[in-house]
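File shown here: upload38.cif, holding mmCIF, C-alpha atoms.
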data_protein
#
loop_
_atom_site.label_atom_id
_atom_site.label_comp_id
_atom_site.auth_asym_id
_atom_site.auth_seq_id
_atom_site.Cartn_x
_atom_site.Cartn_y
_atom_site.Cartn_z
CA MET A 622 40.17 51.67 -28.20
CA ALA A 623 40.88 53.00 -31.69
CA ASP A 624 40.29 56.56 -30.60
CA LYS A 625 42.92 56.47 -27.85
CA LYS A 626 46.22 58.06 -28.81
CA VAL A 627 49.15 55.85 -27.85
CA ALA A 628 52.80 56.87 -27.94
CA ILE A 629 55.90 55.09 -26.72
CA TYR A 630 59.24 56.68 -25.91
CA THR A 631 62.09 54.25 -26.43
CA THR A 632 65.78 53.71 -26.92
CA PRO A 633 66.92 51.23 -29.60
CA THR A 634 68.86 49.11 -27.09
CA CYS A 635 66.18 48.79 -24.44
CA PRO A 636 64.78 45.24 -24.26
CA TYR A 637 61.77 46.31 -22.17
CA CYS A 638 60.84 48.78 -24.93
CA LYS A 639 60.87 45.94 -27.41
CA ARG A 640 58.62 43.81 -25.19
CA ALA A 641 56.25 46.71 -24.66
CA LYS A 642 55.99 47.35 -28.43
CA GLU A 643 55.38 43.67 -29.09
CA TYR A 644 52.69 43.68 -26.46
CA LEU A 645 50.90 46.66 -28.01
CA SER A 646 51.17 45.14 -31.50
CA ARG A 647 49.80 41.83 -30.31
CA LYS A 648 46.80 43.69 -28.92
CA GLY A 649 46.35 45.35 -32.30
CA ILE A 650 47.08 48.81 -30.95
CA SER A 651 48.84 51.26 -33.23
CA TYR A 652 51.25 53.65 -31.63
CA GLN A 653 53.63 56.46 -32.40
CA GLU A 654 57.22 55.67 -31.41
CA TYR A 655 59.77 58.28 -30.36
CA ASN A 656 63.42 57.30 -30.21
CA VAL A 657 64.67 59.45 -27.35
CA ALA A 658 68.27 58.38 -27.96
CA VAL A 659 68.34 60.69 -31.00
CA ASP A 660 65.31 62.95 -30.57
CA ARG A 661 66.39 65.37 -27.81
CA ASP A 662 63.11 67.31 -27.88
CA LYS A 663 61.10 64.16 -27.35
CA ALA A 664 63.54 63.09 -24.62
CA LYS A 665 62.82 66.35 -22.81
CA GLU A 666 59.11 65.91 -23.36
CA MET A 667 59.28 62.38 -21.94
CA ILE A 668 61.13 63.55 -18.82
CA GLN A 669 58.65 66.39 -18.37
CA LYS A 670 55.61 64.15 -18.77
CA SER A 671 56.84 61.26 -16.63
CA GLY A 672 59.01 63.12 -14.13
CA GLN A 673 61.77 60.58 -14.63
CA MET A 674 64.38 59.42 -17.11
CA GLY A 675 63.80 55.68 -17.56
CA VAL A 676 62.46 54.09 -20.74
CA PRO A 677 60.04 52.94 -21.92
CA VAL A 678 57.41 55.58 -21.20
CA ILE A 679 54.02 54.97 -22.76
CA THR A 680 51.37 57.65 -23.01
CA ILE A 681 47.74 56.78 -23.58
CA ASP A 682 45.87 60.02 -24.21
CA ASN A 683 46.89 61.99 -21.12
CA GLU A 684 47.82 59.02 -18.96
CA VAL A 685 51.49 58.18 -18.47
CA VAL A 686 52.82 54.67 -17.85
CA VAL A 687 56.44 54.34 -16.75
CA GLY A 688 58.12 51.07 -17.66
CA PHE A 689 56.50 48.01 -19.23
CA ASN A 690 53.63 47.65 -16.77
CA GLN A 691 51.13 45.20 -18.24
CA VAL A 692 48.48 45.60 -15.55
CA GLN A 693 48.44 49.38 -15.89
CA LEU A 694 48.44 49.17 -19.71
CA ASP A 695 45.58 46.69 -19.71
CA SER A 696 43.44 48.82 -17.44
CA LEU A 697 44.09 52.02 -19.43
CA LEU A 698 43.51 50.37 -22.80
CA SER A 699 40.35 48.50 -21.92
CA MET B 934 42.67 25.62 -3.87
CA TYR B 935 45.14 25.13 -6.72
CA ASP B 936 47.31 22.04 -6.97
CA LEU B 937 50.38 24.11 -7.74
CA MET B 938 51.26 27.77 -7.52
CA ILE B 939 54.29 28.92 -9.49
CA ILE B 940 55.66 32.19 -8.19
CA GLY B 941 57.92 33.98 -10.68
CA GLY B 942 57.69 34.46 -14.43
CA GLY B 943 61.29 34.09 -15.55
CA PRO B 944 62.72 31.08 -17.39
CA ALA B 945 62.37 28.79 -14.34
CA GLY B 946 58.75 29.73 -13.63
CA LEU B 947 57.70 29.58 -17.29
CA SER B 948 59.31 26.18 -17.75
CA ALA B 949 57.65 24.93 -14.55
CA SER B 950 54.33 26.20 -15.96
CA VAL B 951 54.70 24.15 -19.14
CA TYR B 952 55.53 21.01 -17.19
CA ALA B 953 52.71 21.58 -14.69
CA ALA B 954 50.23 22.14 -17.50
CA ARG B 955 51.30 18.97 -19.30
CA LYS B 956 50.72 17.05 -16.08
CA ARG B 957 47.21 18.56 -16.10
CA LEU B 958 47.76 20.14 -12.72
CA LYS B 959 45.38 22.87 -11.67
CA ALA B 960 48.12 25.46 -11.67
CA LEU B 961 48.50 29.19 -11.21
CA LEU B 962 51.41 31.26 -12.48
CA VAL B 963 51.72 34.49 -10.54
CA SER B 964 54.44 37.05 -11.17
CA GLY B 965 55.17 40.76 -11.18
CA ASP B 966 56.56 40.45 -14.69
CA VAL B 967 57.39 37.96 -17.40
CA GLY B 968 60.99 37.29 -18.30
CA GLY B 969 62.82 38.72 -15.31
CA GLN B 970 66.48 39.33 -15.97
CA VAL B 971 66.25 38.01 -19.53
CA ASN B 972 64.41 41.23 -20.42
CA LYS B 973 67.68 43.03 -19.78
CA THR B 974 69.70 40.70 -21.95
CA LEU B 975 70.37 42.02 -25.44
CA GLY B 976 71.64 38.82 -26.97
CA VAL B 977 71.58 35.18 -25.89
CA GLU B 978 74.06 32.90 -27.65
CA ASN B 979 74.07 29.85 -25.41
CA TYR B 980 70.47 28.67 -25.28
CA LEU B 981 70.36 25.45 -27.22
CA GLY B 982 68.41 25.68 -30.45
CA TYR B 983 69.28 29.32 -31.05
CA GLN B 984 72.70 30.43 -32.18
CA PHE B 985 71.64 33.94 -31.40
CA ILE B 986 68.38 35.29 -30.05
CA GLU B 987 67.51 38.55 -28.33
CA GLY B 988 66.47 38.15 -24.69
CA PRO B 989 62.97 39.61 -25.12
CA GLU B 990 62.34 37.41 -28.16
CA LEU B 991 63.35 34.26 -26.28
CA ILE B 992 60.97 35.22 -23.50
CA SER B 993 58.16 35.81 -25.99
CA LYS B 994 58.70 32.30 -27.30
CA PHE B 995 58.62 30.88 -23.76
CA GLN B 996 55.44 32.80 -23.08
CA GLU B 997 53.78 31.64 -26.31
CA GLN B 998 54.42 28.08 -25.26
CA VAL B 999 52.91 28.66 -21.81
CA ASN B 1000 49.91 30.37 -23.40
CA GLN B 1001 49.06 27.22 -25.36
CA PHE B 1002 47.94 25.64 -22.13
CA PRO B 1003 44.90 26.47 -20.01
CA ILE B 1004 47.09 27.47 -17.07
CA GLU B 1005 45.85 30.40 -15.08
CA GLN B 1006 48.15 33.44 -15.14
CA LYS B 1007 48.29 36.46 -12.89
CA ILE B 1008 50.92 38.66 -14.48
CA GLY B 1009 51.65 42.03 -12.91
CA TYR B 1010 50.70 40.75 -9.48
CA LYS B 1011 53.50 40.81 -6.96
CA ILE B 1012 53.24 38.48 -4.01
CA SER B 1013 54.00 40.19 -0.72
CA ARG B 1014 53.47 37.29 1.69
CA LEU B 1015 53.74 33.52 1.52
CA GLU B 1016 52.62 31.37 4.41
CA LYS B 1017 52.22 27.73 5.29
CA ILE B 1018 48.57 26.89 5.93
CA LYS B 1019 46.72 23.66 6.61
CA GLY B 1020 46.98 21.48 3.52
CA GLY B 1021 49.27 23.81 1.61
CA PHE B 1022 50.34 27.41 1.18
CA GLU B 1023 48.72 30.82 0.94
CA ALA B 1024 50.12 33.74 -0.99
CA ILE B 1025 48.87 37.30 -0.58
CA SER B 1026 49.46 39.77 -3.38
CA GLU B 1027 50.33 43.42 -2.87
CA ALA B 1028 46.80 44.20 -3.98
CA GLY B 1029 45.50 42.00 -1.14
CA ASP B 1030 44.33 39.00 -3.21
CA SER B 1031 44.80 35.57 -1.68
CA TYR B 1032 45.85 32.47 -3.61
CA GLN B 1033 46.04 29.01 -2.08
CA ALA B 1034 47.77 25.91 -3.39
CA LYS B 1035 48.78 22.50 -2.15
CA ALA B 1036 52.32 22.94 -3.46
CA VAL B 1037 54.50 25.84 -4.59
CA VAL B 1038 57.33 26.28 -7.06
CA PHE B 1039 59.24 29.32 -5.91
CA ALA B 1040 61.13 30.83 -8.84
CA THR B 1041 61.46 34.54 -8.17
CA GLY B 1042 64.99 35.01 -9.50
CA LYS B 1043 67.35 37.82 -8.69
CA ARG B 1044 67.24 41.61 -8.87
CA PRO B 1045 69.93 44.27 -9.17
CA ARG B 1046 71.75 44.98 -5.93
CA GLN B 1047 71.36 48.49 -4.54
CA LEU B 1048 74.05 50.62 -2.98
CA ASN B 1049 71.83 51.61 -0.04
CA VAL B 1050 73.20 55.12 0.17
CA PRO B 1051 71.29 58.35 0.79
CA GLY B 1052 69.65 59.74 -2.34
CA GLU B 1053 69.66 56.46 -4.23
CA LYS B 1054 66.03 55.55 -3.72
CA GLU B 1055 64.74 59.08 -4.18
CA LEU B 1056 66.62 59.58 -7.43
CA THR B 1057 66.02 56.17 -9.01
CA GLY B 1058 64.62 56.84 -12.45
CA ARG B 1059 65.80 60.42 -12.06
CA GLY B 1060 69.35 59.79 -13.12
CA VAL B 1061 69.99 56.66 -11.07
CA THR B 1062 69.42 53.54 -13.16
CA TYR B 1063 70.04 49.80 -12.95
CA CYS B 1064 69.62 49.19 -16.68
CA ALA B 1065 72.49 50.76 -18.58
CA ILE B 1066 71.47 49.32 -21.93
CA CYS B 1067 67.96 50.72 -21.49
CA ASP B 1068 68.60 54.22 -20.25
CA GLY B 1069 72.20 54.87 -21.36
CA PRO B 1070 71.32 56.71 -24.59
CA LEU B 1071 69.34 59.33 -22.67
CA PHE B 1072 72.59 60.62 -21.20
CA SER B 1073 74.32 61.39 -24.47
CA GLY B 1074 76.71 64.30 -24.13
CA GLN B 1075 76.45 64.30 -20.33
CA ARG B 1076 78.88 63.33 -17.60
CA VAL B 1077 77.91 60.07 -15.92
CA ALA B 1078 79.24 57.58 -13.40
CA VAL B 1079 79.20 53.80 -13.46
CA VAL B 1080 79.39 52.12 -10.06
CA GLY B 1081 80.88 48.63 -9.86
CA GLY B 1082 83.97 46.71 -10.84
CA GLY B 1083 82.71 43.47 -12.40
CA ASN B 1084 81.90 42.61 -16.01
CA SER B 1085 78.50 44.29 -16.02
CA ALA B 1086 79.98 47.54 -14.77
CA LEU B 1087 82.88 47.41 -17.22
CA GLU B 1088 80.50 46.72 -20.11
CA ALA B 1089 78.28 49.59 -19.04
CA ALA B 1090 81.33 51.87 -18.87
CA LEU B 1091 82.44 50.76 -22.34
CA ASP B 1092 78.98 51.52 -23.72
CA MET B 1093 78.83 54.87 -21.99
CA VAL B 1094 82.23 56.20 -23.14
CA LYS B 1095 80.76 56.12 -26.64
CA ILE B 1096 77.60 57.97 -25.62
CA ALA B 1097 78.45 60.26 -22.72
CA GLU B 1098 80.79 63.22 -22.66
CA TYR B 1099 82.75 61.76 -19.79
CA VAL B 1100 82.51 58.64 -17.61
CA ASP B 1101 83.67 58.11 -14.04
CA LEU B 1102 83.98 54.44 -13.09
CA VAL B 1103 83.74 53.97 -9.33
CA SER B 1104 84.56 50.64 -7.72
CA LEU B 1105 84.75 49.63 -4.09
CA THR B 1106 87.40 47.03 -4.97
CA PRO B 1107 90.09 46.75 -7.64
CA LEU B 1108 88.40 45.96 -10.97
CA THR B 1109 87.36 42.30 -11.00
CA GLY B 1110 86.00 42.04 -14.54
CA ASP B 1111 87.66 40.32 -17.49
CA ALA B 1112 91.13 41.53 -18.49
CA ILE B 1113 89.98 42.11 -22.07
CA LEU B 1114 87.34 44.59 -20.90
CA ILE B 1115 89.82 46.38 -18.63
CA GLU B 1116 92.23 46.68 -21.58
CA LYS B 1117 89.51 48.17 -23.77
CA LEU B 1118 88.66 50.70 -21.08
CA GLY B 1119 92.32 51.73 -21.03
CA GLU B 1120 91.89 53.02 -24.58
CA ALA B 1121 89.07 55.40 -23.65
CA LYS B 1122 90.11 59.03 -23.38
CA ASN B 1123 86.98 60.28 -21.64
CA LEU B 1124 87.13 57.98 -18.64
CA SER B 1125 88.47 58.16 -15.09
CA ILE B 1126 88.70 55.08 -12.93
CA PHE B 1127 88.36 55.33 -9.15
CA THR B 1128 89.12 51.97 -7.57
CA GLU B 1129 88.79 51.39 -3.84
CA TYR B 1130 86.38 54.28 -3.58
CA ARG B 1131 83.11 53.96 -1.73
CA THR B 1132 79.98 55.73 -2.95
CA GLU B 1133 78.79 57.75 0.03
CA LYS B 1134 75.74 59.54 -1.29
CA ILE B 1135 73.88 60.65 -4.36
CA GLU B 1136 72.85 64.28 -4.57
CA GLY B 1137 70.22 66.16 -6.51
CA LYS B 1138 66.93 67.93 -6.10
CA ASP B 1139 64.64 66.61 -8.84
CA PHE B 1140 67.31 64.81 -10.81
CA VAL B 1141 70.83 63.59 -10.10
CA GLU B 1142 73.29 66.47 -9.84
CA GLY B 1143 76.28 64.66 -8.40
CA MET B 1144 77.65 62.05 -6.06
CA VAL B 1145 80.14 61.88 -3.23
CA ILE B 1146 82.78 59.15 -3.22
CA LYS B 1147 85.37 58.40 -0.58
CA ASP B 1148 88.91 57.16 -1.13
CA LEU B 1149 89.23 54.16 1.19
CA LYS B 1150 93.01 54.55 1.41
CA SER B 1151 93.30 58.25 2.19
CA GLY B 1152 89.83 58.71 3.70
CA LYS B 1153 89.33 61.80 1.53
CA SER B 1154 85.99 62.49 -0.07
CA LYS B 1155 85.48 63.72 -3.60
CA ARG B 1156 82.44 65.12 -5.37
CA LEU B 1157 81.69 64.01 -8.93
CA LYS B 1158 79.44 66.30 -10.94
CA VAL B 1159 77.43 63.70 -12.84
CA THR B 1160 73.84 63.67 -14.07
CA GLY B 1161 73.55 59.94 -14.57
CA ILE B 1162 74.59 57.08 -12.27
CA PHE B 1163 74.57 53.50 -13.54
CA ILE B 1164 74.66 51.01 -10.68
CA GLU B 1165 76.05 47.63 -11.70
CA ILE B 1166 77.11 45.92 -8.49
CA GLY B 1167 75.65 42.48 -8.96
CA LEU B 1168 72.41 40.78 -8.07
CA VAL B 1169 70.54 39.70 -4.95
CA PRO B 1170 68.05 36.82 -4.72
CA ASN B 1171 64.36 37.68 -4.37
CA SER B 1172 64.05 35.35 -1.40
CA ASP B 1173 62.47 37.69 1.18
CA LEU B 1174 59.11 35.93 0.76
CA VAL B 1175 60.43 32.65 2.13
CA ASN B 1176 63.04 33.82 4.63
CA LYS B 1177 60.76 32.89 7.53
CA LEU B 1178 59.90 29.50 6.03
CA VAL B 1179 63.39 28.27 5.16
CA LYS B 1180 66.92 29.01 6.26
CA LEU B 1181 68.64 30.91 3.46
CA ASN B 1182 72.34 30.49 2.69
CA LYS B 1183 74.81 33.32 3.33
CA TRP B 1184 74.06 34.87 -0.09
CA GLY B 1185 70.36 34.88 0.65
CA GLU B 1186 69.66 32.02 -1.75
CA VAL B 1187 67.15 29.23 -1.08
CA PRO B 1188 68.98 25.96 -0.46
CA ILE B 1189 67.52 23.07 -2.46
CA SER B 1190 68.19 19.38 -2.95
CA CYS B 1191 69.03 18.01 -6.39
CA SER B 1192 65.26 17.47 -6.74
CA CYS B 1193 64.52 21.17 -6.09
CA GLU B 1194 63.08 20.40 -2.65
CA THR B 1195 63.38 22.95 0.13
CA GLU B 1196 63.27 22.01 3.80
CA ILE B 1197 59.46 22.48 3.72
CA PRO B 1198 57.51 19.59 2.15
CA GLY B 1199 55.52 20.86 -0.82
CA LEU B 1200 57.68 23.97 -1.28
CA TYR B 1201 59.97 23.60 -4.27
CA ALA B 1202 62.36 26.21 -5.62
CA ALA B 1203 64.06 26.70 -8.97
CA GLY B 1204 66.34 29.02 -10.89
CA ASP B 1205 68.47 31.96 -9.83
CA VAL B 1206 66.80 32.38 -6.42
CA THR B 1207 68.22 29.00 -5.36
CA ASP B 1208 71.69 27.83 -4.45
CA ALA B 1209 71.87 25.68 -7.59
CA PRO B 1210 75.19 26.47 -9.26
CA GLU B 1211 75.39 28.41 -12.56
CA LYS B 1212 72.94 31.21 -13.14
CA GLN B 1213 72.08 30.54 -16.77
CA ILE B 1214 68.80 30.61 -18.71
CA ILE B 1215 69.17 27.00 -19.76
CA VAL B 1216 69.92 25.90 -16.19
CA ALA B 1217 66.91 27.81 -14.86
CA THR B 1218 64.55 26.25 -17.41
CA GLY B 1219 65.87 22.79 -16.50
CA GLU B 1220 65.47 23.46 -12.80
CA GLY B 1221 61.93 24.76 -13.36
CA ALA B 1222 61.04 21.53 -15.15
CA LYS B 1223 62.51 19.46 -12.34
CA ALA B 1224 60.68 21.42 -9.67
CA ALA B 1225 57.30 21.04 -11.41
CA LEU B 1226 57.79 17.30 -11.95
CA GLN B 1227 58.82 16.81 -8.33
CA ALA B 1228 55.82 18.85 -7.18
CA HIS B 1229 53.63 16.61 -9.32
CA ARG B 1230 55.05 13.53 -7.58
CA TYR B 1231 54.47 15.16 -4.21
CA LEU B 1232 50.83 15.87 -5.13
CA GLN B 1233 50.37 12.26 -6.23
CA ARG B 1234 51.70 11.09 -2.88
CA LEU B 1235 49.35 13.48 -1.07
CA ALA B 1236 46.40 12.03 -2.95
CA THR B 1237 47.11 8.40 -2.05
#
Take the structure in this file and express it as structure tokens.
Amino acid sequence: MADKKVAIYTTPTCPYCKRAKEYLSRKGISYQEYNVAVDRDKAKEMIQKSGQMGVPVITIDNEVVVGFNQVQLDSLLS
Amino acid sequence: MYDLMIIGGGPAGLSASVYAARKRLKALLVSGDVGGQVNKTLGVENYLGYQFIEGPELISKFQEQVNQFPIEQKIGYKISRLEKIKGGFEAISEAGDSYQAKAVVFATGKRPRQLNVPGEKELTGRGVTYCAICDGPLFSGQRVAVVGGGNSALEAALDMVKIAEYVDLVSLTPLTGDAILIEKLGEAKNLSIFTEYRTEKIEGKDFVEGMVIKDLKSGKSKRLKVTGIFIEIGLVPNSDLVNKLVKLNKWGEVPISCSCETEIPGLYAAGDVTDAPEKQIIVATGEGAKAALQAHRYLQRLAT
């Protein structure tokens, strides 16, 4: 698991982002966070990677998870 | 077969889970997500014991309490069918799994209402959103529309005038939200309000490029060049699963007795999906507790 690269695109006001981050932390997974409310380049990157504009978006290596989807996260992280 | 199946992971379902576990019922909690609408709530100031707590944090605390107990949980599994079978109920998940229980607590809550106009479904997540506090910041410097006339819509519009370049507020009716919010909106310089306008369609190829609204008085249509559309037109109960089992009220809610009974013995309901008055977290948790305790009594009667 340690070798998987995890990133999360968030906005500071998004409660689902908060839950998703808590979930990752509880699983002991470290992640890079991008605040797309201020980082326009990362916002563009997120839209490009996920094909949509909703947060959170979580990337695990090359896989993209839209929203806080526990089942999908679990299967990609295991 | 389980004793009790709790469908829904919001405050009502989580509270029912705690009560079921403490009664040592063989129980299953099955839900597409944990927290439901509370996930979209930034701050909660009326749940006893907390003067202020963020919605997601409150849900985490609920979940921690449920996790103390050996109750089986299927989170991320949406139920697509619920049927009465001999000796109980059977639920089928979208993935095709079957779960059977002698009794059910149905606590599926509410979801955001959709406009049901062309383009809405296709462009959801591509400019159309039902969570203004989540996705609002992504539209900084852009022109956006907020659809709705109640408090949620007015609050979304107030948030967005600070973030977006310009905001169009579109309401089918005169604004129905609190006067204080309407006054605050009056101070915004980058806002137009269209009341008694119907949203006809949402346009865009890959992402939202605009929307068409129609003036109900003159019958004239108007095109708004927006890249984001925030739909805040209220909530609908997630009661589709039981609409063949029980007769829903005119709002689509599940009618219950003061003991959370539905018209089907063994099928209990709790929280926002029911016709119980006041959609509040603290009410839903109380109703969930009641439903689980009543289900426990029902199971005891079955056993004797």
Apply the PyMOL selection byres ((chain B) within 6 of (chain A)) to the structure shown and report the selected residues as a PyMOL selection string. chain B and resi 972-973+989+1009+1058-1059+1066-1068+1070-1071
For this file, the PyMOL selection byres ((chain B and resi 1013) around 10) selects which residues, as a VMD selection string? chain B and resid 1010 to 1012 1014 to 1015 1024 to 1029 1173 to 1174
Those residues you just picked out, can you put them in a file as a PDB file, keeping the file's coordinate frame with C-alpha atoms?
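Result saved to result.pdb:
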ATOM      1  CA  TYR B1010      50.700  40.750  -9.480  1.00  0.00           C
ATOM      2  CA  LYS B1011      53.500  40.810  -6.960  1.00  0.00           C
ATOM      3  CA  ILE B1012      53.240  38.480  -4.010  1.00  0.00           C
ATOM      4  CA  ARG B1014      53.470  37.290   1.690  1.00  0.00           C
ATOM      5  CA  LEU B1015      53.740  33.520   1.520  1.00  0.00           C
ATOM      6  CA  ALA B1024      50.120  33.740  -0.990  1.00  0.00           C
ATOM      7  CA  ILE B1025      48.870  37.300  -0.580  1.00  0.00           C
ATOM      8  CA  SER B1026      49.460  39.770  -3.380  1.00  0.00           C
ATOM      9  CA  GLU B1027      50.330  43.420  -2.870  1.00  0.00           C
ATOM     10  CA  ALA B1028      46.800  44.200  -3.980  1.00  0.00           C
ATOM     11  CA  GLY B1029      45.500  42.000  -1.140  1.00  0.00           C
ATOM     12  CA  ASP B1173      62.470  37.690   1.180  1.00  0.00           C
ATOM     13  CA  LEU B1174      59.110  35.930   0.760  1.00  0.00           C
TER      14      LEU B1174
END
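Minimum atom-to-atom distances from A:Glu684, A:Asp662, A:Asp695, A:Glu654 to Ile629 of chain A were compared using all atoms listed in the file, and the lowest value belongs to A:Glu654.
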For a quick check of understanding, using only C-alpha atoms, which of B:Val1061, B:Lys1035, B:Glu1220, B:Glu997 has the smallest distance to Ala1236 of chain B?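 Checking each of B:Val1061, B:Lys1035, B:Glu1220, B:Glu997 against Ala1236 of chain B, counting only C-alpha atoms, the winner is B:Lys1035.
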Do you know which residues lie at most 8 Å from (58.2, 29.7, -6.4), with coordinates as in the file and all atoms listed in the file counted, and could you write them as a ChimeraX atom specification? /B:938-941,946,1037-1041,1200-1203
Of the candidates A:Tyr652, A:Glu666, A:Leu694, A:Arg647, which shows the shortest atom-to-atom distance to Asp624 of chain A, using all atoms listed in the file?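 Smallest distance to Asp624 of chain A is found for A:Tyr652.
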What does the PyMOL selection byres ((chain B and resi 1141) around 10) select in this file, as a list in words?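 Those residues are Gly1052, Glu1053, Glu1055, Leu1056, Thr1057, Gly1058, Arg1059, Gly1060, Val1061, Val1077, Ile1135, Glu1136, Gly1137, Lys1138, Asp1139, Phe1140, Glu1142, Gly1143, Met1144, Lys1158, Val1159, Thr1160, Gly1161 and Ile1162 of chain B.
Taking atom CA of Gly1110 of chain B as the reference point, atom CA of Gly1219 of chain B is found at 27.9 Å.
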One decimal, in Å: what's the spacing between atom CA of Asp1148 of chain B and atom CA of Glu1129 of chain B?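 Atom-to-atom, atom CA of Asp1148 of chain B and atom CA of Glu1129 of chain B are spaced 6.4 Å apart.
The coordinates place atom CA of Asn683 of chain A at 8.7 Å from atom CA of Lys626 of chain A.
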Just want the 10 Å neighbourhood of Tyr952 of chain B, counted on only C-alpha atoms, with same-chain residues fewer than 6 positions away dropped. Output as a PDB file with C-alpha atoms, in the coordinates of the input.
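File written: out.pdb
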ATOM      1  CA  GLY B 946      58.750  29.730 -13.630  1.00  0.00           C
ATOM      2  CA  LEU B 958      47.760  20.140 -12.720  1.00  0.00           C
ATOM      3  CA  VAL B 999      52.910  28.660 -21.810  1.00  0.00           C
ATOM      4  CA  GLY B1221      61.930  24.760 -13.360  1.00  0.00           C
ATOM      5  CA  ALA B1222      61.040  21.530 -15.150  1.00  0.00           C
ATOM      6  CA  LYS B1223      62.510  19.460 -12.340  1.00  0.00           C
ATOM      7  CA  ALA B1224      60.680  21.420  -9.670  1.00  0.00           C
ATOM      8  CA  ALA B1225      57.300  21.040 -11.410  1.00  0.00           C
ATOM      9  CA  LEU B1226      57.790  17.300 -11.950  1.00  0.00           C
ATOM     10  CA  HIS B1229      53.630  16.610  -9.320  1.00  0.00           C
TER      11      HIS B1229
END
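Nearest to Ser1190 of chain B of all the residues B:Ile1018, B:Leu991, B:Ala1209, B:Leu1105 is B:Ala1209, based on all atoms listed in the file.
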Would you place a box with edges along x, y and z of the file around all atoms of segment 673-679 of chain A listed there, add 3 Å to each of its six sides, and report the centre and edge lengths in Å to one decimal, as JSON?
{"center_x": 59.2, "center_y": 56.8, "center_z": -18.7, "size_x": 16.4, "size_y": 13.6, "size_z": 14.1}
A:Lys663, A:Val627, A:Ser696, A:Gln669: which is nearest Gly649 of chain A, counting all atoms listed in the file?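 Result for the nearest residue to Gly649 of chain A: A:Val627.
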For Val1080 of chain B, list every protein, DNA or RNA residue within 7 Å, evaluated using all atoms listed in the file, and leave out those in the same chain fewer than 3 positions away; present the list as an NGL selection string. :B and (1086 or 1102-1104 or 1163-1166)
Between B:Gly1119, B:Gly1074, B:Gly965, B:Gly1199, which has the minimum distance to Lys1019 of chain B (counting only C-alpha atoms)? B:Gly1199
